[in-house]
Amino acid sequence: MTVTLFVTATTARAEEPAKTSTFAVAPQYSTTHVYVAPQDFEKCVASLVAVFEGRTPPRGEFTVTPTPSKTILQAVLTPVGTFSVFGFQTSIPYPFGTERTGSLVTDLDGAVHSAAAHGADVIVAPFDDPIGRDAIIAWPGGVHMQLYWHTKPSSQPPFRTVPENRIYLSAGRVDAFIQSFVGFSGGAVVADERNAPGIEIGKKGETYRRVRVTSGFGKITIAATDGHLPYPYGRELTGYEVTSLSDTLAKARDTGATVLVGSYKTERGYAAMVEFPGGYIAEVHSAAE
């Protein structure tokens, strides 16, 4: 379940996908799922809000699984990405917590059927939640994604910059994932670099295959690796483009987040890795240091 989002219009730069999926609504309706322990909930939310200049609509306590459970659920709305922060007060039923993102679709049953037809595994069949319906699917390579539909339409402006879902796969599963997801989403491969600089995944002096995909669900960056990755690479879920990396890292430190990997040069500017209170890890990048 991803909470309904109601926001007022702000100045934003829309980034249009190459193609529009039959089922996707828009990138701003795809959220990163952040699971934290209840004792870390407030600190995590406060840090995300401060670091990414966000705001929080009213939170609630819900059962968001088809079996009994209870969680605090808070949306964090920012110009560079949306977060659904879960603080479960009960044990988390399997397989919840394994999904990386939640994406709004126009037709849940149709989307689930199409995903399965394109090679996805339906690991949680559609079920009702307090404000709509949900399902969880797994793409080739074990990438878990929630699909959701709301009874009442949501309304929010485009992101200033669209975040990227950062996926690490073995070399043998990359093409299967791309074929499956692009076929489902109506998206496109916008870049396929066979010799991307390894510093981007913590392997300075080496190269790796990096594929960038865009669709109505947003952006995906795929790293094809042998799994020999230094911490924390592979643990991050999403990459966020900010105006100033140094300013963002300063805010992160001030709000209790830990800079795991300091600023380093990439082909598009500078990047760093940040761990927020409660353990959520994100990549952050900008054109300017």
# chains A, B, ... in the order shown; residues from 1 in each chain; ligands from 1

$ select_by_dssp --residues "segment 13-159 of chain A" --states "strand (DSSP E or B)" --output "short mmCIF file (atom, residue, chain, number, x, y, z; two decimals) with N, CA and C atoms, in the first residue's frame"
data_model
loop_
_atom_site.label_atom_id
_atom_site.label_comp_id
_atom_site.auth_asym_id
_atom_site.auth_seq_id
_atom_site.Cartn_x
_atom_site.Cartn_y
_atom_site.Cartn_z
N ALA A 24 0.89 2.86 -16.23
CA ALA A 24 1.54 3.84 -15.36
C ALA A 24 0.78 5.15 -15.40
N SER A 30 5.30 6.97 -8.23
CA SER A 30 6.11 5.82 -7.83
C SER A 30 6.92 6.22 -6.61
N THR A 31 6.76 5.50 -5.52
CA THR A 31 7.42 5.85 -4.27
C THR A 31 8.42 4.78 -3.85
N THR A 32 9.46 5.22 -3.18
CA THR A 32 10.40 4.28 -2.56
C THR A 32 9.85 3.84 -1.21
N HIS A 33 9.87 2.54 -0.96
CA HIS A 33 9.38 2.02 0.31
C HIS A 33 10.54 1.93 1.31
N VAL A 34 10.37 2.59 2.42
CA VAL A 34 11.39 2.64 3.47
C VAL A 34 10.82 1.98 4.73
N TYR A 35 11.43 0.88 5.15
CA TYR A 35 11.00 0.17 6.36
C TYR A 35 11.99 0.46 7.48
N ARG A 55 7.86 17.63 2.61
CA ARG A 55 6.81 17.87 3.58
C ARG A 55 6.04 16.59 3.80
N GLY A 60 -0.93 7.88 9.23
CA GLY A 60 -1.97 7.03 9.79
C GLY A 60 -1.42 5.70 10.24
N GLU A 61 -2.25 4.93 10.90
CA GLU A 61 -1.93 3.56 11.29
C GLU A 61 -2.85 2.64 10.51
N PHE A 62 -2.28 1.67 9.80
CA PHE A 62 -3.05 0.86 8.87
C PHE A 62 -2.66 -0.60 8.95
N THR A 71 0.91 -1.05 10.98
CA THR A 71 2.07 -0.20 10.76
C THR A 71 1.68 1.26 10.81
N ILE A 72 2.62 2.09 11.26
CA ILE A 72 2.53 3.53 11.03
C ILE A 72 2.99 3.76 9.60
N LEU A 73 2.30 4.62 8.88
CA LEU A 73 2.66 4.88 7.49
C LEU A 73 2.66 6.38 7.25
N GLN A 74 3.81 6.86 6.76
CA GLN A 74 3.99 8.29 6.52
C GLN A 74 4.53 8.53 5.11
N ALA A 75 3.82 9.33 4.35
CA ALA A 75 4.36 9.77 3.06
C ALA A 75 5.27 10.97 3.29
N VAL A 76 6.40 11.00 2.59
CA VAL A 76 7.29 12.16 2.58
C VAL A 76 7.37 12.63 1.13
N LEU A 77 6.88 13.83 0.89
CA LEU A 77 6.79 14.38 -0.46
C LEU A 77 7.90 15.39 -0.67
N THR A 78 8.74 15.17 -1.67
CA THR A 78 9.85 16.08 -1.93
C THR A 78 9.91 16.37 -3.43
N GLY A 81 11.75 13.17 -5.15
CA GLY A 81 11.34 11.80 -4.91
C GLY A 81 10.31 11.71 -3.81
N THR A 82 9.55 10.63 -3.82
CA THR A 82 8.53 10.40 -2.80
C THR A 82 8.87 9.14 -2.03
N PHE A 83 8.66 9.18 -0.71
CA PHE A 83 8.95 8.06 0.17
C PHE A 83 7.66 7.61 0.87
N SER A 84 7.49 6.31 1.00
CA SER A 84 6.49 5.75 1.90
C SER A 84 7.25 5.09 3.03
N VAL A 85 7.18 5.69 4.23
CA VAL A 85 7.95 5.20 5.37
C VAL A 85 7.04 4.35 6.24
N PHE A 86 7.46 3.10 6.48
CA PHE A 86 6.68 2.14 7.26
C PHE A 86 7.40 1.87 8.59
N GLY A 87 6.65 1.96 9.66
CA GLY A 87 7.14 1.58 10.98
C GLY A 87 6.22 0.52 11.55
N PHE A 88 6.51 -0.74 11.26
CA PHE A 88 5.61 -1.81 11.69
C PHE A 88 5.64 -1.99 13.19
N THR A 101 9.75 -0.53 -4.45
CA THR A 101 8.94 0.64 -4.79
C THR A 101 7.47 0.27 -4.83
N GLY A 102 6.63 1.30 -4.81
CA GLY A 102 5.21 1.15 -5.05
C GLY A 102 4.81 2.09 -6.16
N SER A 103 4.12 1.59 -7.20
CA SER A 103 3.78 2.41 -8.35
C SER A 103 2.28 2.37 -8.61
N LEU A 104 1.71 3.56 -8.77
CA LEU A 104 0.29 3.68 -9.06
C LEU A 104 0.00 3.25 -10.49
N VAL A 105 -1.06 2.45 -10.65
CA VAL A 105 -1.48 2.02 -11.98
C VAL A 105 -2.95 2.38 -12.18
N ASP A 121 6.56 -12.65 -11.88
CA ASP A 121 5.92 -13.59 -10.97
C ASP A 121 5.04 -12.80 -10.01
N VAL A 122 3.80 -13.18 -9.86
CA VAL A 122 2.89 -12.50 -8.92
C VAL A 122 3.08 -13.16 -7.56
N ILE A 123 3.81 -12.48 -6.67
CA ILE A 123 4.13 -13.10 -5.38
C ILE A 123 3.12 -12.74 -4.30
N VAL A 124 2.38 -11.63 -4.48
CA VAL A 124 1.23 -11.32 -3.62
C VAL A 124 0.09 -10.94 -4.55
N ALA A 125 -0.92 -11.80 -4.63
CA ALA A 125 -2.05 -11.55 -5.51
C ALA A 125 -2.81 -10.31 -5.04
N PRO A 126 -3.55 -9.65 -5.94
CA PRO A 126 -4.26 -8.43 -5.56
C PRO A 126 -5.14 -8.61 -4.32
N PHE A 127 -5.10 -7.58 -3.46
CA PHE A 127 -5.90 -7.59 -2.23
C PHE A 127 -6.34 -6.17 -1.92
N ASP A 128 -7.38 -6.05 -1.12
CA ASP A 128 -7.90 -4.74 -0.73
C ASP A 128 -7.12 -4.16 0.43
N ASP A 129 -6.93 -2.84 0.42
CA ASP A 129 -6.39 -2.14 1.59
C ASP A 129 -7.37 -1.03 1.95
N GLY A 132 -7.64 1.36 -1.25
CA GLY A 132 -7.53 0.89 -2.62
C GLY A 132 -7.22 -0.58 -2.69
N ARG A 133 -6.33 -0.94 -3.62
CA ARG A 133 -5.94 -2.33 -3.83
C ARG A 133 -4.44 -2.38 -4.14
N ASP A 134 -3.82 -3.52 -3.85
CA ASP A 134 -2.38 -3.68 -4.02
C ASP A 134 -2.05 -5.07 -4.52
N ALA A 135 -0.84 -5.21 -5.04
CA ALA A 135 -0.25 -6.50 -5.38
C ALA A 135 1.26 -6.33 -5.38
N ILE A 136 2.00 -7.42 -5.27
CA ILE A 136 3.45 -7.38 -5.38
C ILE A 136 3.88 -8.38 -6.44
N ILE A 137 4.74 -7.92 -7.34
CA ILE A 137 5.27 -8.77 -8.40
C ILE A 137 6.78 -8.82 -8.32
N ALA A 138 7.34 -9.86 -8.94
CA ALA A 138 8.80 -10.01 -8.99
C ALA A 138 9.24 -10.14 -10.43
N TRP A 139 10.12 -9.24 -10.87
CA TRP A 139 10.65 -9.28 -12.22
C TRP A 139 11.83 -10.25 -12.29
N VAL A 143 13.63 -8.76 -8.72
CA VAL A 143 13.32 -7.37 -8.38
C VAL A 143 11.85 -7.27 -8.01
N HIS A 144 11.57 -6.97 -6.75
CA HIS A 144 10.20 -6.91 -6.24
C HIS A 144 9.65 -5.49 -6.34
N MET A 145 8.41 -5.39 -6.81
CA MET A 145 7.76 -4.11 -7.05
C MET A 145 6.30 -4.20 -6.63
N GLN A 146 5.83 -3.22 -5.89
CA GLN A 146 4.41 -3.15 -5.56
C GLN A 146 3.67 -2.36 -6.64
N LEU A 147 2.51 -2.83 -7.01
CA LEU A 147 1.58 -2.07 -7.83
C LEU A 147 0.38 -1.73 -6.97
N TYR A 148 -0.14 -0.51 -7.09
CA TYR A 148 -1.28 -0.13 -6.28
C TYR A 148 -2.27 0.71 -7.08
N TRP A 149 -3.49 0.73 -6.60
CA TRP A 149 -4.57 1.51 -7.19
C TRP A 149 -5.37 2.13 -6.05
N HIS A 150 -5.74 3.39 -6.19
CA HIS A 150 -6.48 4.10 -5.16
C HIS A 150 -7.93 4.30 -5.55
N SER A 155 -3.44 13.54 -6.53
CA SER A 155 -3.02 14.66 -7.38
C SER A 155 -1.75 15.26 -6.82
#

$ closest_atom_pairs --of "segment 82-190 of chain A" --to "segment 196-205 of chain A" --cutoff "12 Å" --atoms "only C-alpha atoms" --output "tab-separated table"
residue	atom	partner	partner_atom	distance
A:Arg166	CA	A:Ile201	CA	10.7
A:Ile167	CA	A:Ile201	CA	11.3
A:Tyr168	CA	A:Ile201	CA	9.7

$ atom_distance --atom1 "atom CA of Ser185 of chain A" --atom2 "atom CA of Gly216 of chain A"
6.9 Å

$ atom_distance --atom1 "atom CA of Thr243 of chain A" --atom2 "atom CA of Val45 of chain A"
20.8 Å

$ select_by_dssp --residues "segment 34-229 of chain A" --states "helix (DSSP H, G or I)" --output "PyMOL selection string"
chain A and resi 38-51+108-117+174-185+198-201

$ write_last_selection --atoms "C-alpha atoms" --output "compact mmCIF listing (two decimals), in the first residue's frame"
# COMPACT_ATOMS: atom_id res chain seq x y z
CA PRO A 38 9.28 2.15 15.25
CA GLN A 39 11.92 3.75 17.48
CA ASP A 40 13.69 5.15 14.39
CA PHE A 41 10.54 6.30 12.62
CA GLU A 42 10.46 9.96 13.69
CA LYS A 43 14.17 10.52 13.14
CA CYS A 44 14.06 8.94 9.69
CA VAL A 45 11.08 11.02 8.57
CA ALA A 46 12.56 14.23 9.94
CA SER A 47 15.88 13.60 8.20
CA LEU A 48 14.28 12.84 4.81
CA VAL A 49 12.15 15.98 5.05
CA ALA A 50 15.11 18.22 5.91
CA VAL A 51 17.59 16.73 3.43
CA LEU A 108 -4.57 -3.10 -11.00
CA ASP A 109 -5.96 -6.36 -12.36
CA GLY A 110 -4.96 -5.43 -15.90
CA ALA A 111 -1.47 -4.41 -14.79
CA VAL A 112 -0.91 -7.62 -12.83
CA HIS A 113 -2.14 -9.71 -15.76
CA SER A 114 0.14 -7.82 -18.17
CA ALA A 115 3.15 -8.11 -15.85
CA ALA A 116 2.64 -11.88 -15.60
CA ALA A 117 2.30 -12.10 -19.38
CA VAL A 174 19.96 -8.19 -17.12
CA ASP A 175 18.54 -8.79 -20.59
CA ALA A 176 15.66 -10.88 -19.24
CA PHE A 177 14.75 -8.11 -16.81
CA ILE A 178 14.94 -5.45 -19.51
CA GLN A 179 12.81 -7.41 -21.95
CA SER A 180 10.21 -8.12 -19.28
CA PHE A 181 9.98 -4.67 -17.71
CA VAL A 182 10.23 -2.65 -20.92
CA GLY A 183 7.60 -4.83 -22.56
CA PHE A 184 5.25 -4.30 -19.62
CA SER A 185 5.90 -0.60 -19.08
CA GLY A 198 33.45 1.15 -11.84
CA ILE A 199 33.83 3.97 -9.32
CA GLU A 200 30.04 4.35 -9.61
CA ILE A 201 29.64 1.00 -7.80

$ atom_distance --atom1 "atom CA of Ile222 of chain A" --atom2 "atom CA of Ala37 of chain A"
28.6 Å

$ residues_around --residues "segment 268-272 of chain A" --least-positions-apart "5" --cutoff "12 Å" --atoms "only C-alpha atoms" --output "ChimeraX atom specification"
/A:196-197,199-202,232-233,236,239-246,248-250,252,258-263,281-289

$ closest_residue --among "A:Leu169, A:Val211, A:Ala120, A:Met273" --to "His228 of chain A" --atoms "only C-alpha atoms"
A:Leu169
